[in-house]
>>> print(open('entry12.cif').read())   # mmCIF, C-alpha atoms
data_target
loop_
_atom_site.group_PDB
_atom_site.id
_atom_site.type_symbol
_atom_site.label_atom_id
_atom_site.label_comp_id
_atom_site.auth_asym_id
_atom_site.auth_seq_id
_atom_site.Cartn_x
_atom_site.Cartn_y
_atom_site.Cartn_z
ATOM 1 C CA MET K 38 31.856 -24.713 8.920
ATOM 2 C CA VAL K 39 30.671 -23.662 5.482
ATOM 3 C CA GLU K 40 32.770 -24.588 2.466
ATOM 4 C CA CYS K 41 33.296 -22.353 -0.565
ATOM 5 C CA ASN K 42 31.348 -24.729 -2.794
ATOM 6 C CA ASP K 43 28.413 -24.724 -0.338
ATOM 7 C CA LEU K 44 28.332 -20.945 -0.417
ATOM 8 C CA PHE K 45 28.593 -20.847 -4.196
ATOM 9 C CA GLN K 46 25.575 -23.139 -4.481
ATOM 10 C CA LYS K 47 23.507 -20.614 -2.512
ATOM 11 C CA MET K 48 24.738 -17.322 -3.988
ATOM 12 C CA SER K 49 21.737 -16.889 -6.235
ATOM 13 C CA GLU K 50 19.443 -17.326 -3.204
ATOM 14 C CA TYR K 51 21.444 -14.633 -1.425
ATOM 15 C CA LEU K 52 21.324 -12.218 -4.352
ATOM 16 C CA ASP K 53 17.601 -12.830 -4.887
ATOM 17 C CA GLY K 54 16.830 -12.179 -1.206
ATOM 18 C CA GLU K 55 15.591 -15.747 -0.734
ATOM 19 C CA MET K 56 18.176 -16.871 1.833
ATOM 20 C CA ASP K 57 17.011 -17.345 5.422
ATOM 21 C CA VAL K 58 18.566 -15.254 8.195
ATOM 22 C CA ALA K 59 20.531 -18.118 9.767
ATOM 23 C CA THR K 60 22.123 -19.030 6.439
ATOM 24 C CA ILE K 61 22.944 -15.375 5.760
ATOM 25 C CA GLU K 62 24.784 -15.193 9.086
ATOM 26 C CA VAL K 63 26.807 -18.314 8.222
ATOM 27 C CA ALA K 64 27.561 -16.938 4.738
ATOM 28 C CA MET K 65 28.659 -13.578 6.137
ATOM 29 C CA GLY K 66 30.993 -15.347 8.551
ATOM 30 C CA HIS K 67 32.544 -17.269 5.678
ATOM 31 C CA LEU K 68 32.856 -14.169 3.492
ATOM 32 C CA ALA K 69 34.655 -12.362 6.306
ATOM 33 C CA HIS K 70 37.521 -14.849 5.955
ATOM 34 C CA CYS K 71 37.424 -15.840 2.279
ATOM 35 C CA PRO K 72 38.463 -13.187 -0.252
ATOM 36 C CA GLU K 73 37.973 -15.655 -3.121
ATOM 37 C CA CYS K 74 34.272 -16.023 -2.300
ATOM 38 C CA VAL K 75 33.964 -12.248 -1.933
ATOM 39 C CA ASP K 76 35.400 -11.897 -5.445
ATOM 40 C CA ILE K 77 32.931 -14.463 -6.815
ATOM 41 C CA LEU K 78 30.012 -12.760 -5.074
ATOM 42 C CA GLU K 79 31.023 -9.383 -6.496
ATOM 43 C CA ALA K 80 31.291 -10.905 -9.979
ATOM 44 C CA PHE K 81 27.798 -12.344 -9.555
ATOM 45 C CA LYS K 82 26.482 -8.930 -8.508
ATOM 46 C CA ARG K 83 28.075 -7.264 -11.546
ATOM 47 C CA SER K 84 26.661 -9.965 -13.831
ATOM 48 C CA VAL K 85 23.159 -9.544 -12.442
ATOM 49 C CA ALA K 86 23.340 -5.760 -12.824
ATOM 50 C CA LEU K 87 24.573 -6.113 -16.390
ATOM 51 C CA LEU K 88 21.872 -8.620 -17.306
ATOM 52 C CA LYS K 89 19.096 -6.481 -15.855
ATOM 53 C CA GLY K 90 19.915 -3.868 -18.476
ATOM 54 C CA THR K 91 19.613 -6.243 -21.435
ATOM 55 C CA GLU K 92 16.694 -7.517 -23.452
ATOM 56 C CA SER K 93 15.786 -11.127 -22.763
ATOM 57 C CA GLN K 94 16.466 -13.547 -25.607
ATOM 58 C CA ILE K 95 16.124 -17.288 -25.901
ATOM 59 C CA LEU K 96 19.440 -19.062 -26.346
ATOM 60 C CA PRO K 97 19.315 -22.020 -28.744
ATOM 61 C CA GLU K 98 19.723 -25.367 -26.979
ATOM 62 C CA PRO K 99 23.195 -26.269 -28.379
ATOM 63 C CA GLU K 100 24.598 -22.917 -27.242
ATOM 64 C CA ARG K 101 22.826 -23.234 -23.895
ATOM 65 C CA ARG K 102 24.446 -26.634 -23.236
ATOM 66 C CA ARG K 103 27.865 -25.318 -24.319
ATOM 67 C CA LEU K 104 27.562 -22.245 -22.099
ATOM 68 C CA LYS K 105 26.429 -24.332 -19.125
ATOM 69 C CA ALA K 106 29.397 -26.684 -19.584
ATOM 70 C CA LEU K 107 31.836 -23.745 -19.766
ATOM 71 C CA ILE K 108 30.383 -22.158 -16.636
ATOM 72 C CA GLU K 109 30.541 -25.445 -14.727
ATOM 73 C CA GLU K 110 34.152 -25.940 -15.830
ATOM 74 C CA GLU K 111 35.146 -22.467 -14.643
ATOM 75 C CA MET K 112 33.313 -22.858 -11.339
ATOM 76 C CA LYS K 113 35.150 -26.130 -10.668
ATOM 77 C CA LYS K 114 38.420 -24.254 -11.135
ATOM 78 C CA LEU K 115 37.337 -21.573 -8.657
ATOM 79 C CA THR K 116 36.062 -23.956 -6.010
ATOM 80 C CA SER K 117 38.839 -26.574 -6.086
#
>>> encode(input="entry12.cif", output="structure tokens")
Amino acid sequence: MVECNDLFQKMSEYLDGEMDVATIEVAMGHLAHCPECVDILEAFKRSVALLKGTESQILPEPERRRLKALIEEEMKKLTS
């Protein structure tokens, strides 16, 4: 059985169309019974759509580390 954290780790593969068929089937089965993961997936989709409409910029390293730490902290809250 797939865990929420396992699915979260593979969401970018799913959104990028890089996930194999067997894994997609397992993910779809999990999503059918986990509204929290559906919410996270939808948030990812909205984020990707929003970012596609922006100009790419390089984030300075201190801000990049801070942002990564904040994202990891929030994801731990969602997956625990």
>>> residues_around(input="entry12.cif", residues="Leu44 in chain K", least_positions_apart="6", cutoff="12 Å", atoms="only C-alpha atoms", output="list in words")
Met38, Glu50, Tyr51, Leu52, Met56, Thr60, Ile61, Glu62, Val63, Ala64, Met65, Gly66, His67, Leu68, Cys71, Glu73, Cys74, Val75, Ile77, Leu78 and Thr116 of chain K
>>> closest_residue(input="entry12.cif", among="K:Met112, K:Gln94, K:Pro99, K:Lys82", to="Asp53 in chain K", atoms="only C-alpha atoms")
K:Lys82
>>> atom_distance(input="entry12.cif", atom1="CA of Cys41 in chain K", atom2="CA of Ala106 in chain K")
19.9 Å
>>> atom_distance(input="entry12.cif", atom1="CA of Asn42 in chain K", atom2="CA of Glu100 in chain K")
25.4 Å
